[in-house]
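S.K.: This is data35.cif, which holds mmCIF, C-alpha atoms:
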data_upload
#
loop_
_atom_site.group_PDB
_atom_site.id
_atom_site.type_symbol
_atom_site.label_atom_id
_atom_site.label_comp_id
_atom_site.auth_asym_id
_atom_site.auth_seq_id
_atom_site.Cartn_x
_atom_site.Cartn_y
_atom_site.Cartn_z
ATOM 1 C CA MET W 1 141.725 108.158 169.146
ATOM 2 C CA ALA W 2 143.587 104.873 168.635
ATOM 3 C CA THR W 3 144.815 103.860 165.205
ATOM 4 C CA HIS W 4 143.551 100.322 164.802
ATOM 5 C CA GLY W 5 145.355 97.996 162.368
ATOM 6 C CA LEU W 6 143.958 94.748 161.019
ATOM 7 C CA VAL W 7 145.992 91.639 160.160
ATOM 8 C CA LEU W 8 144.381 88.916 158.025
ATOM 9 C CA PHE W 9 146.271 85.813 159.088
ATOM 10 C CA GLY W 10 146.282 82.834 156.697
ATOM 11 C CA HIS W 11 148.075 79.524 156.585
ATOM 12 C CA GLY W 12 150.137 80.062 153.422
ATOM 13 C CA ALA W 13 150.799 77.625 150.554
ATOM 14 C CA ARG W 14 153.409 76.825 147.927
ATOM 15 C CA ASP W 15 151.149 77.827 145.006
ATOM 16 C CA VAL W 16 150.960 81.626 144.684
ATOM 17 C CA ARG W 17 147.419 81.349 143.267
ATOM 18 C CA TRP W 18 146.275 80.129 146.700
ATOM 19 C CA ARG W 19 146.752 83.691 147.885
ATOM 20 C CA GLU W 20 144.187 85.296 145.560
ATOM 21 C CA PRO W 21 141.129 85.242 147.881
ATOM 22 C CA PHE W 22 143.263 86.707 150.661
ATOM 23 C CA GLU W 23 144.336 89.563 148.403
ATOM 24 C CA ARG W 24 140.694 90.156 147.386
ATOM 25 C CA LEU W 25 139.639 90.132 151.043
ATOM 26 C CA ALA W 26 142.337 92.664 151.935
ATOM 27 C CA GLU W 27 141.237 94.896 149.041
ATOM 28 C CA LYS W 28 137.605 94.772 150.186
ATOM 29 C CA LEU W 29 138.610 95.729 153.711
ATOM 30 C CA GLU W 30 141.028 98.430 152.595
ATOM 31 C CA ALA W 31 138.227 100.024 150.566
ATOM 32 C CA VAL W 32 135.969 100.183 153.647
ATOM 33 C CA ARG W 33 138.724 101.192 156.054
ATOM 34 C CA ALA W 34 140.202 103.967 153.901
ATOM 35 C CA THR W 35 137.920 106.549 155.535
ATOM 36 C CA GLY W 36 135.386 107.019 158.332
ATOM 37 C CA ASP W 37 134.984 105.392 161.721
ATOM 38 C CA ALA W 38 136.473 102.075 160.573
ATOM 39 C CA ALA W 39 139.638 103.738 159.186
ATOM 40 C CA GLY W 40 142.950 101.971 159.663
ATOM 41 C CA PRO W 41 145.499 99.915 157.742
ATOM 42 C CA VAL W 42 144.940 96.310 156.648
ATOM 43 C CA THR W 43 147.671 93.781 155.962
ATOM 44 C CA LEU W 44 148.127 90.075 155.289
ATOM 45 C CA ALA W 45 150.328 87.680 157.258
ATOM 46 C CA PHE W 46 151.008 83.952 156.907
ATOM 47 C CA LEU W 47 151.950 81.104 159.205
ATOM 48 C CA GLU W 48 154.265 79.439 156.688
ATOM 49 C CA LEU W 49 155.279 79.183 153.008
ATOM 50 C CA MET W 50 154.278 82.801 152.210
ATOM 51 C CA LYS W 51 155.442 86.228 153.335
ATOM 52 C CA PRO W 52 155.173 88.294 155.428
ATOM 53 C CA ASP W 53 155.091 86.372 158.696
ATOM 54 C CA LEU W 54 153.097 87.770 161.622
ATOM 55 C CA PRO W 55 155.941 89.673 163.379
ATOM 56 C CA THR W 56 156.870 91.387 160.095
ATOM 57 C CA ALA W 57 153.241 92.333 159.377
ATOM 58 C CA VAL W 58 152.705 93.625 162.921
ATOM 59 C CA GLY W 59 155.979 95.577 162.743
ATOM 60 C CA GLY W 60 154.732 97.248 159.553
ATOM 61 C CA LEU W 61 151.500 98.337 161.246
ATOM 62 C CA VAL W 62 153.409 99.718 164.237
ATOM 63 C CA VAL W 63 155.574 101.776 161.836
ATOM 64 C CA GLN W 64 152.311 103.101 160.346
ATOM 65 C CA GLY W 65 151.320 104.353 163.800
ATOM 66 C CA CYS W 66 148.927 101.634 164.972
ATOM 67 C CA ASP W 67 148.539 101.414 168.737
ATOM 68 C CA VAL W 68 145.892 98.675 168.579
ATOM 69 C CA ILE W 69 146.237 95.704 166.214
ATOM 70 C CA THR W 70 143.676 92.931 165.718
ATOM 71 C CA VAL W 71 144.736 89.648 164.145
ATOM 72 C CA VAL W 72 141.883 87.772 162.423
ATOM 73 C CA PRO W 73 142.652 84.121 161.597
ATOM 74 C CA VAL W 74 141.313 83.428 158.085
ATOM 75 C CA PHE W 75 140.923 79.722 158.831
ATOM 76 C CA PHE W 76 137.822 77.561 158.942
ATOM 77 C CA GLY W 77 138.607 75.525 162.019
ATOM 78 C CA GLN W 78 140.559 76.187 165.182
ATOM 79 C CA GLY W 79 143.176 73.443 165.358
ATOM 80 C CA GLY W 80 146.787 73.467 166.472
ATOM 81 C CA HIS W 81 147.751 76.365 164.196
ATOM 82 C CA ILE W 82 145.215 78.663 165.871
ATOM 83 C CA ARG W 83 145.355 77.233 169.397
ATOM 84 C CA LYS W 84 149.157 76.974 169.675
ATOM 85 C CA ASP W 85 151.198 78.434 166.767
ATOM 86 C CA LEU W 86 149.278 81.703 166.483
ATOM 87 C CA PRO W 87 149.209 82.507 170.240
ATOM 88 C CA ASP W 88 152.961 81.831 170.331
ATOM 89 C CA ALA W 89 153.533 84.243 167.432
ATOM 90 C CA ILE W 90 151.285 86.865 169.041
ATOM 91 C CA GLU W 91 153.254 86.598 172.301
ATOM 92 C CA ARG W 92 156.470 87.244 170.345
ATOM 93 C CA CYS W 93 154.851 90.322 168.773
ATOM 94 C CA ARG W 94 153.681 91.627 172.171
ATOM 95 C CA ALA W 95 157.222 91.218 173.547
ATOM 96 C CA LEU W 96 158.589 93.246 170.604
ATOM 97 C CA HIS W 97 155.970 96.050 170.867
ATOM 98 C CA ALA W 98 155.175 96.526 174.545
ATOM 99 C CA GLY W 99 153.226 99.769 173.981
ATOM 100 C CA VAL W 100 150.890 98.267 171.377
ATOM 101 C CA GLU W 101 147.704 96.369 172.224
ATOM 102 C CA ILE W 102 147.617 93.202 170.104
ATOM 103 C CA ARG W 103 144.293 91.337 170.033
ATOM 104 C CA CYS W 104 143.360 88.041 168.415
ATOM 105 C CA ALA W 105 139.921 87.187 167.041
ATOM 106 C CA VAL W 106 138.247 83.799 166.704
ATOM 107 C CA ALA W 107 138.772 82.097 163.312
ATOM 108 C CA VAL W 108 136.394 83.401 160.615
ATOM 109 C CA GLY W 109 135.028 79.890 159.960
ATOM 110 C CA GLU W 110 133.473 79.826 163.433
ATOM 111 C CA ASP W 111 131.208 82.778 162.554
ATOM 112 C CA GLU W 112 127.553 81.915 161.889
ATOM 113 C CA ALA W 113 127.158 84.397 159.028
ATOM 114 C CA VAL W 114 130.307 83.113 157.318
ATOM 115 C CA LEU W 115 129.035 79.535 157.606
ATOM 116 C CA ASP W 116 125.650 80.639 156.238
ATOM 117 C CA ALA W 117 127.371 82.203 153.204
ATOM 118 C CA VAL W 118 129.381 79.002 152.673
ATOM 119 C CA ALA W 119 126.182 76.933 152.946
ATOM 120 C CA GLN W 120 124.442 79.152 150.372
ATOM 121 C CA TYR W 121 127.404 78.709 148.023
ATOM 122 C CA CYS W 122 127.227 74.915 148.463
ATOM 123 C CA LEU W 123 123.495 74.924 147.672
ATOM 124 C CA ARG W 124 124.172 76.809 144.435
ATOM 125 C CA GLN W 125 126.456 73.940 143.334
ATOM 126 C CA VAL W 126 123.807 71.177 143.535
ATOM 127 C CA MET N 127 115.115 62.425 138.800
ATOM 128 C CA ALA N 128 118.765 62.129 139.845
ATOM 129 C CA THR N 129 119.676 61.777 143.489
ATOM 130 C CA HIS N 130 122.337 64.408 144.030
ATOM 131 C CA GLY N 131 124.806 63.958 146.888
ATOM 132 C CA LEU N 132 127.018 66.690 148.338
ATOM 133 C CA VAL N 133 130.507 66.197 149.771
ATOM 134 C CA LEU N 134 132.036 68.973 151.895
ATOM 135 C CA PHE N 135 135.760 68.436 151.418
ATOM 136 C CA GLY N 136 138.112 69.872 154.048
ATOM 137 C CA HIS N 137 141.828 69.617 154.735
ATOM 138 C CA GLY N 138 141.684 67.807 158.081
ATOM 139 C CA ALA N 139 143.747 68.485 161.230
ATOM 140 C CA ARG N 140 145.117 66.688 164.271
ATOM 141 C CA ASP N 141 142.890 68.595 166.728
ATOM 142 C CA VAL N 142 139.339 67.239 166.666
ATOM 143 C CA ARG N 143 137.974 70.704 167.586
ATOM 144 C CA TRP N 144 139.128 71.928 164.157
ATOM 145 C CA ARG N 145 136.254 69.914 162.723
ATOM 146 C CA GLU N 146 133.447 71.810 164.488
ATOM 147 C CA PRO N 147 132.629 74.386 161.766
ATOM 148 C CA PHE N 148 132.546 71.580 159.184
ATOM 149 C CA GLU N 149 130.042 69.658 161.304
ATOM 150 C CA ARG N 150 127.939 72.808 161.725
ATOM 151 C CA LEU N 151 128.071 73.432 157.966
ATOM 152 C CA ALA N 152 126.966 69.862 157.241
ATOM 153 C CA GLU N 153 124.091 70.218 159.736
ATOM 154 C CA LYS N 154 122.924 73.455 158.095
ATOM 155 C CA LEU N 155 122.964 71.812 154.674
ATOM 156 C CA GLU N 156 121.306 68.613 155.888
ATOM 157 C CA ALA N 157 118.455 70.698 157.331
ATOM 158 C CA VAL N 158 117.856 72.385 153.964
ATOM 159 C CA ARG N 159 118.377 69.229 151.892
ATOM 160 C CA ALA N 160 116.151 66.979 153.991
ATOM 161 C CA THR N 161 113.133 67.797 151.798
ATOM 162 C CA GLY N 162 112.100 69.613 148.631
ATOM 163 C CA ASP N 163 113.884 70.348 145.376
ATOM 164 C CA ALA N 164 117.321 70.493 147.010
ATOM 165 C CA ALA N 165 116.874 67.073 148.690
ATOM 166 C CA GLY N 166 119.869 64.760 148.855
ATOM 167 C CA PRO N 167 122.453 63.476 151.308
ATOM 168 C CA VAL N 168 125.356 65.554 152.648
ATOM 169 C CA THR N 169 128.634 64.187 153.956
ATOM 170 C CA LEU N 170 132.075 65.360 155.029
ATOM 171 C CA ALA N 171 135.408 64.149 153.631
ATOM 172 C CA PHE N 172 138.992 65.105 154.418
ATOM 173 C CA LEU N 173 142.283 65.189 152.566
ATOM 174 C CA GLU N 174 144.351 64.012 155.538
ATOM 175 C CA LEU N 175 144.450 63.531 159.324
ATOM 176 C CA MET N 176 140.665 63.048 159.618
ATOM 177 C CA LYS N 177 138.180 60.476 158.356
ATOM 178 C CA PRO N 178 136.505 59.676 156.063
ATOM 179 C CA ASP N 179 138.688 60.238 153.001
ATOM 180 C CA LEU N 180 137.047 61.195 149.711
ATOM 181 C CA PRO N 181 136.688 57.681 148.207
ATOM 182 C CA THR N 182 135.040 56.442 151.416
ATOM 183 C CA ALA N 183 132.634 59.393 151.517
ATOM 184 C CA VAL N 184 131.766 59.037 147.821
ATOM 185 C CA GLY N 185 131.247 55.282 148.285
ATOM 186 C CA GLY N 186 128.798 56.004 151.097
ATOM 187 C CA LEU N 187 126.771 58.353 148.874
ATOM 188 C CA VAL N 188 126.708 55.769 146.072
ATOM 189 C CA VAL N 189 125.346 53.192 148.552
ATOM 190 C CA GLN N 190 122.628 55.744 149.434
ATOM 191 C CA GLY N 191 121.606 55.791 145.762
ATOM 192 C CA CYS N 192 123.291 58.975 144.518
ATOM 193 C CA ASP N 193 123.886 59.068 140.779
ATOM 194 C CA VAL N 194 125.297 62.612 140.805
ATOM 195 C CA ILE N 195 127.797 63.751 143.445
ATOM 196 C CA THR N 196 129.220 67.254 143.833
ATOM 197 C CA VAL N 197 132.390 67.791 145.844
ATOM 198 C CA VAL N 198 132.732 71.307 147.312
ATOM 199 C CA PRO N 199 136.224 72.184 148.582
ATOM 200 C CA VAL N 200 135.822 74.004 151.907
ATOM 201 C CA PHE N 201 139.133 75.801 151.469
ATOM 202 C CA PHE N 202 139.882 79.499 151.108
ATOM 203 C CA GLY N 203 142.483 79.330 148.370
ATOM 204 C CA GLN N 204 143.107 76.984 145.501
ATOM 205 C CA GLY N 205 146.656 75.724 145.935
ATOM 206 C CA GLY N 206 148.216 72.318 145.348
ATOM 207 C CA HIS N 207 145.643 70.478 147.482
ATOM 208 C CA ILE N 208 142.795 71.667 145.249
ATOM 209 C CA ARG N 209 144.648 71.805 141.928
ATOM 210 C CA LYS N 210 146.436 68.440 142.231
ATOM 211 C CA ASP N 211 145.502 66.254 145.247
ATOM 212 C CA LEU N 212 141.722 66.690 144.941
ATOM 213 C CA PRO N 213 141.507 66.058 141.159
ATOM 214 C CA ASP N 214 143.631 62.923 141.670
ATOM 215 C CA ALA N 215 141.246 61.689 144.388
ATOM 216 C CA ILE N 216 138.202 62.509 142.231
ATOM 217 C CA GLU N 217 139.692 60.535 139.341
ATOM 218 C CA ARG N 218 140.096 57.545 141.660
ATOM 219 C CA CYS N 219 136.434 57.889 142.689
ATOM 220 C CA ARG N 220 135.295 58.091 139.053
ATOM 221 C CA ALA N 221 137.242 54.926 138.244
ATOM 222 C CA LEU N 222 135.532 53.138 141.152
ATOM 223 C CA HIS N 223 132.000 54.338 140.247
ATOM 224 C CA ALA N 224 131.767 54.509 136.481
ATOM 225 C CA GLY N 225 127.967 55.002 136.451
ATOM 226 C CA VAL N 226 128.051 57.983 138.806
ATOM 227 C CA GLU N 227 128.626 61.572 137.698
ATOM 228 C CA ILE N 228 131.158 63.165 140.056
ATOM 229 C CA ARG N 229 131.537 66.947 139.827
ATOM 230 C CA CYS N 230 133.927 69.293 141.585
ATOM 231 C CA ALA N 231 133.133 72.897 142.539
ATOM 232 C CA VAL N 232 135.512 75.831 142.936
ATOM 233 C CA ALA N 233 136.766 76.367 146.518
ATOM 234 C CA VAL N 234 134.270 78.243 148.714
ATOM 235 C CA GLY N 235 136.803 80.991 149.489
ATOM 236 C CA GLU N 236 136.766 82.100 145.852
ATOM 237 C CA ASP N 237 133.061 83.020 146.116
ATOM 238 C CA GLU N 238 132.306 86.747 146.324
ATOM 239 C CA ALA N 239 129.475 86.358 148.852
ATOM 240 C CA VAL N 240 131.644 84.188 151.109
ATOM 241 C CA LEU N 241 134.438 86.776 150.982
ATOM 242 C CA ASP N 242 131.899 89.525 151.751
ATOM 243 C CA ALA N 243 130.725 87.600 154.826
ATOM 244 C CA VAL N 244 134.353 87.138 155.936
ATOM 245 C CA ALA N 245 134.989 90.875 155.398
ATOM 246 C CA GLN N 246 131.925 91.776 157.488
ATOM 247 C CA TYR N 247 133.171 89.491 160.262
ATOM 248 C CA CYS N 248 136.592 91.173 160.157
ATOM 249 C CA LEU N 249 134.990 94.619 160.397
ATOM 250 C CA ARG N 250 133.090 93.542 163.519
ATOM 251 C CA GLN N 251 136.436 92.753 165.189
ATOM 252 C CA VAL N 252 137.916 96.267 164.893
#
Could I get this file's structure written as C-alpha cells?
M.R.:
Amino acid sequence: MATHGLVLFGHGARDVRWREPFERLAEKLEAVRATGDAAGPVTLAFLELMKPDLPTAVGGLVVQGCDVITVVPVFFGQGGHIRKDLPDAIERCRALHAGVEIRCAVAVGEDEAVLDAVAQYCLRQV
Amino acid sequence: MATHGLVLFGHGARDVRWREPFERLAEKLEAVRATGDAAGPVTLAFLELMKPDLPTAVGGLVVQGCDVITVVPVFFGQGGHIRKDLPDAIERCRALHAGVEIRCAVAVGEDEAVLDAVAQYCLRQV
C-alpha cells in the first residue's frame, strides 16, 4: 500500500504569528493521520517569507518513504500563486523525485463546506 | 434597532478569478441576511489590487443606513496586513464616519470550526 504524504501549502508572511492557524491545522491532521486508513505524514510548506519551501517539504516526505504526495493549497482564491507559481514548484519537485506521484488539490477556499464554515463564523460576528 | 453592515475584507490579487470564493461567500451571507434578525447589507473590500478598498466599502454601507459595521478579515493568519494595515484603514474609516460604530473581527482562519472544515477538506484529498 502506498504511503501518502500531505503538504499544507500556504503563502507565508513576515510575522511569525501569521503561521499559527497553519500549525493548528497540521496538528489536527497529524492527530487523524497518525493511525488507520488515513495514516501518513503531514507537513507545511510556504511560497515565500517562511520555511520550508515546497521542494524542501516534499524532499522530507520522500525521505519518510512517501510514494504519493498531495499538496493542498491553503489559500482562499486561486490567483497567480496557485495557477502559476505552485504548478511551477510542483514541476520542479516532480523532476527531482521521478518515482513519486505528486498531486495538487484545488485551493481550500473553493470548497463549499469551507465557505459554509466561514459564512457561519461571519454570522456569529454580527 | 441598529442596521448592522458586514464587510468581508480580503487581500486582493491580480487575477480576477481569485475573487470567486469571496463572491460566493458574499452571496451566501446576503441570502441569510436578506430577512430576519440577521438582516443587513453585506459587501466585499480589498487591501490591494482589487476594488473597492475598505473606506469605499464602509462609505457605501453608511449610505445604506448602517450605524454599526463589522469588518471580518477573510484571511487565514493574522500577520502585518491584519495587525497593522487593517487597523490603520479602520481608523481612517472611523475618522470619516464619527457617528458609526466600526468593529473588527478576528481573521476567519483563527476560528476552530473553519479550521475543522479545512482539515476535513484536506482529508478528502488523500
S.K.: Can you write out as a Markdown table which residues of chain W fall within 9 Å of chain N, alongside each residue's closest atom pair and its distance in Å to one decimal, counting only C-alpha atoms and ordering rows by chain and ascending residue number?
M.R.:
| residue | atom | partner | partner_atom | distance |
| --- | --- | --- | --- | --- |
| W:His4 | CA | N:Val252 | CA | 6.9 |
| W:Gly5 | CA | N:Val252 | CA | 8.0 |
| W:Leu6 | CA | N:Val252 | CA | 7.3 |
| W:Leu8 | CA | N:Cys248 | CA | 8.4 |
| W:Ala13 | CA | N:Gly205 | CA | 6.5 |
| W:Arg14 | CA | N:Gly205 | CA | 7.1 |
| W:Asp15 | CA | N:Gly205 | CA | 5.0 |
| W:Val16 | CA | N:Gly205 | CA | 7.4 |
| W:Arg17 | CA | N:Gly205 | CA | 6.3 |
| W:Trp18 | CA | N:Gly203 | CA | 4.2 |
| W:Arg19 | CA | N:Gly203 | CA | 6.1 |
| W:Glu20 | CA | N:Gly203 | CA | 6.8 |
| W:Pro21 | CA | N:Glu236 | CA | 5.7 |
| W:Phe22 | CA | N:Gly203 | CA | 7.8 |
| W:Arg24 | CA | N:Leu241 | CA | 8.0 |
| W:Leu25 | CA | N:Leu241 | CA | 6.2 |
| W:Ala26 | CA | N:Ala245 | CA | 8.3 |
| W:Lys28 | CA | N:Ala245 | CA | 7.0 |
| W:Leu29 | CA | N:Ala245 | CA | 6.3 |
| W:Val32 | CA | N:Leu249 | CA | 8.8 |
| W:Arg33 | CA | N:Leu249 | CA | 8.7 |
| W:Ala38 | CA | N:Val252 | CA | 7.4 |
| W:Ile69 | CA | N:Val252 | CA | 8.4 |
| W:Thr70 | CA | N:Val252 | CA | 6.7 |
| W:Val71 | CA | N:Gln251 | CA | 8.9 |
| W:Val72 | CA | N:Cys248 | CA | 6.7 |
| W:Val74 | CA | N:Phe202 | CA | 8.1 |
| W:Phe75 | CA | N:Phe202 | CA | 7.8 |
| W:Phe76 | CA | N:Pro147 | CA | 6.7 |
| W:Gly77 | CA | N:Trp144 | CA | 4.2 |
| W:Gln78 | CA | N:Trp144 | CA | 4.6 |
| W:Gly79 | CA | N:Trp144 | CA | 4.5 |
| W:Gly80 | CA | N:Asp141 | CA | 6.2 |
| W:Cys104 | CA | N:Gln251 | CA | 9.0 |
| W:Ala105 | CA | N:Gln251 | CA | 6.8 |
| W:Val108 | CA | N:Val244 | CA | 6.3 |
| W:Gly109 | CA | N:Pro147 | CA | 6.3 |
| W:Glu110 | CA | N:Pro147 | CA | 5.8 |
| W:Asp111 | CA | N:Tyr247 | CA | 7.4 |
| W:Ala113 | CA | N:Ala243 | CA | 6.4 |
| W:Val114 | CA | N:Ala243 | CA | 5.1 |
| W:Leu115 | CA | N:Leu151 | CA | 6.2 |
| W:Asp116 | CA | N:Leu151 | CA | 7.8 |
| W:Ala117 | CA | N:Val240 | CA | 5.2 |
| W:Val118 | CA | N:Val240 | CA | 5.9 |
| W:Ala119 | CA | N:Leu155 | CA | 6.3 |
| W:Gln120 | CA | N:Leu155 | CA | 8.6 |
| W:Tyr121 | CA | N:Val234 | CA | 6.9 |
| W:Cys122 | CA | N:Val198 | CA | 6.7 |
| W:Leu123 | CA | N:Ala164 | CA | 7.6 |
| W:Gln125 | CA | N:Ala231 | CA | 6.8 |
| W:Val126 | CA | N:Thr196 | CA | 6.7 |
S.K.: Any chance you can output those residues with C-alpha atoms as a PDB file, in the coordinates of the input?
M.R.:
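File out09.pdb, as written:
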ATOM      1  CA  HIS W   4     143.551 100.322 164.802  1.00  0.00           C
ATOM      2  CA  GLY W   5     145.355  97.996 162.368  1.00  0.00           C
ATOM      3  CA  LEU W   6     143.958  94.748 161.019  1.00  0.00           C
ATOM      4  CA  LEU W   8     144.381  88.916 158.025  1.00  0.00           C
ATOM      5  CA  ALA W  13     150.799  77.625 150.554  1.00  0.00           C
ATOM      6  CA  ARG W  14     153.409  76.825 147.927  1.00  0.00           C
ATOM      7  CA  ASP W  15     151.149  77.827 145.006  1.00  0.00           C
ATOM      8  CA  VAL W  16     150.960  81.626 144.684  1.00  0.00           C
ATOM      9  CA  ARG W  17     147.419  81.349 143.267  1.00  0.00           C
ATOM     10  CA  TRP W  18     146.275  80.129 146.700  1.00  0.00           C
ATOM     11  CA  ARG W  19     146.752  83.691 147.885  1.00  0.00           C
ATOM     12  CA  GLU W  20     144.187  85.296 145.560  1.00  0.00           C
ATOM     13  CA  PRO W  21     141.129  85.242 147.881  1.00  0.00           C
ATOM     14  CA  PHE W  22     143.263  86.707 150.661  1.00  0.00           C
ATOM     15  CA  ARG W  24     140.694  90.156 147.386  1.00  0.00           C
ATOM     16  CA  LEU W  25     139.639  90.132 151.043  1.00  0.00           C
ATOM     17  CA  ALA W  26     142.337  92.664 151.935  1.00  0.00           C
ATOM     18  CA  LYS W  28     137.605  94.772 150.186  1.00  0.00           C
ATOM     19  CA  LEU W  29     138.610  95.729 153.711  1.00  0.00           C
ATOM     20  CA  VAL W  32     135.969 100.183 153.647  1.00  0.00           C
ATOM     21  CA  ARG W  33     138.724 101.192 156.054  1.00  0.00           C
ATOM     22  CA  ALA W  38     136.473 102.075 160.573  1.00  0.00           C
ATOM     23  CA  ILE W  69     146.237  95.704 166.214  1.00  0.00           C
ATOM     24  CA  THR W  70     143.676  92.931 165.718  1.00  0.00           C
ATOM     25  CA  VAL W  71     144.736  89.648 164.145  1.00  0.00           C
ATOM     26  CA  VAL W  72     141.883  87.772 162.423  1.00  0.00           C
ATOM     27  CA  VAL W  74     141.313  83.428 158.085  1.00  0.00           C
ATOM     28  CA  PHE W  75     140.923  79.722 158.831  1.00  0.00           C
ATOM     29  CA  PHE W  76     137.822  77.561 158.942  1.00  0.00           C
ATOM     30  CA  GLY W  77     138.607  75.525 162.019  1.00  0.00           C
ATOM     31  CA  GLN W  78     140.559  76.187 165.182  1.00  0.00           C
ATOM     32  CA  GLY W  79     143.176  73.443 165.358  1.00  0.00           C
ATOM     33  CA  GLY W  80     146.787  73.467 166.472  1.00  0.00           C
ATOM     34  CA  CYS W 104     143.360  88.041 168.415  1.00  0.00           C
ATOM     35  CA  ALA W 105     139.921  87.187 167.041  1.00  0.00           C
ATOM     36  CA  VAL W 108     136.394  83.401 160.615  1.00  0.00           C
ATOM     37  CA  GLY W 109     135.028  79.890 159.960  1.00  0.00           C
ATOM     38  CA  GLU W 110     133.473  79.826 163.433  1.00  0.00           C
ATOM     39  CA  ASP W 111     131.208  82.778 162.554  1.00  0.00           C
ATOM     40  CA  ALA W 113     127.158  84.397 159.028  1.00  0.00           C
ATOM     41  CA  VAL W 114     130.307  83.113 157.318  1.00  0.00           C
ATOM     42  CA  LEU W 115     129.035  79.535 157.606  1.00  0.00           C
ATOM     43  CA  ASP W 116     125.650  80.639 156.238  1.00  0.00           C
ATOM     44  CA  ALA W 117     127.371  82.203 153.204  1.00  0.00           C
ATOM     45  CA  VAL W 118     129.381  79.002 152.673  1.00  0.00           C
ATOM     46  CA  ALA W 119     126.182  76.933 152.946  1.00  0.00           C
ATOM     47  CA  GLN W 120     124.442  79.152 150.372  1.00  0.00           C
ATOM     48  CA  TYR W 121     127.404  78.709 148.023  1.00  0.00           C
ATOM     49  CA  CYS W 122     127.227  74.915 148.463  1.00  0.00           C
ATOM     50  CA  LEU W 123     123.495  74.924 147.672  1.00  0.00           C
ATOM     51  CA  GLN W 125     126.456  73.940 143.334  1.00  0.00           C
ATOM     52  CA  VAL W 126     123.807  71.177 143.535  1.00  0.00           C
TER      53      VAL W 126
END
S.K.: Would you work out the distance separating CA of Gly36 in chain W from CA of Cys66 in chain W, expressed in Å to one decimal?
M.R.: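 Going from CA of Gly36 in chain W over to CA of Cys66 in chain W, I get 16.0 Å.
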S.K.: Please indicate the distance in Å from CA of Leu49 in chain W to CA of Arg218 in chain N, rounded to one decimal place.
M.R.: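 Separation between CA of Leu49 in chain W and CA of Arg218 in chain N: 28.8 Å.
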S.K.: Would you translate the PyMOL selection byres ((chain W and resi 59) around 12) into the concrete set of residues it matches in this file, as a count of residues only?
M.R.: 30
S.K.: I'd like the box whose edges run along x, y and z of the file and which contains every listed atom of range 73-77 of chain W, padded by 8 Å per side; could you state its centre and edge lengths in Å, one decimal, as JSON?
M.R.:
{"center_x": 140.2, "center_y": 79.8, "center_z": 160.1, "size_x": 20.8, "size_y": 24.6, "size_z": 19.9}
S.K.: Suppose you want the space between CA of Leu173 in chain N and CA of Asp85 in chain W; what is it in Å?
M.R.: 21.4 Å
S.K.: Could you write range 185-210 of chain N of the block just shown to a file containing C-alpha atoms, as an mmCIF file, in the first residue's frame?
M.R.:
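File written: selection32.cif
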data_model
loop_
_atom_site.group_PDB
_atom_site.id
_atom_site.type_symbol
_atom_site.label_atom_id
_atom_site.label_comp_id
_atom_site.auth_asym_id
_atom_site.auth_seq_id
_atom_site.Cartn_x
_atom_site.Cartn_y
_atom_site.Cartn_z
ATOM 1 C CA GLY N 185 -18.889 54.550 2.863
ATOM 2 C CA GLY N 186 -21.333 52.509 0.793
ATOM 3 C CA LEU N 187 -22.736 50.822 3.916
ATOM 4 C CA VAL N 188 -23.106 54.190 5.662
ATOM 5 C CA VAL N 189 -25.084 55.474 2.648
ATOM 6 C CA GLN N 190 -27.323 52.390 3.031
ATOM 7 C CA GLY N 191 -28.082 53.494 6.599
ATOM 8 C CA CYS N 192 -25.752 51.261 8.626
ATOM 9 C CA ASP N 193 -24.913 52.596 12.069
ATOM 10 C CA VAL N 194 -22.865 49.537 13.068
ATOM 11 C CA ILE N 195 -20.369 47.933 10.678
ATOM 12 C CA THR N 196 -18.340 44.785 11.323
ATOM 13 C CA VAL N 197 -15.260 44.062 9.232
ATOM 14 C CA VAL N 198 -14.357 40.352 9.011
ATOM 15 C CA PRO N 199 -10.851 39.628 7.685
ATOM 16 C CA VAL N 200 -11.114 36.707 5.251
ATOM 17 C CA PHE N 201 -7.503 35.716 5.852
ATOM 18 C CA PHE N 202 -6.050 32.550 7.347
ATOM 19 C CA GLY N 203 -3.358 34.080 9.516
ATOM 20 C CA GLN N 204 -3.005 37.359 11.319
ATOM 21 C CA GLY N 205 0.208 38.912 10.041
ATOM 22 C CA GLY N 206 1.134 42.500 9.240
ATOM 23 C CA HIS N 207 -1.870 43.043 6.949
ATOM 24 C CA ILE N 208 -4.295 42.301 9.792
ATOM 25 C CA ARG N 209 -2.241 43.640 12.702
ATOM 26 C CA LYS N 210 -1.142 46.910 11.056
#
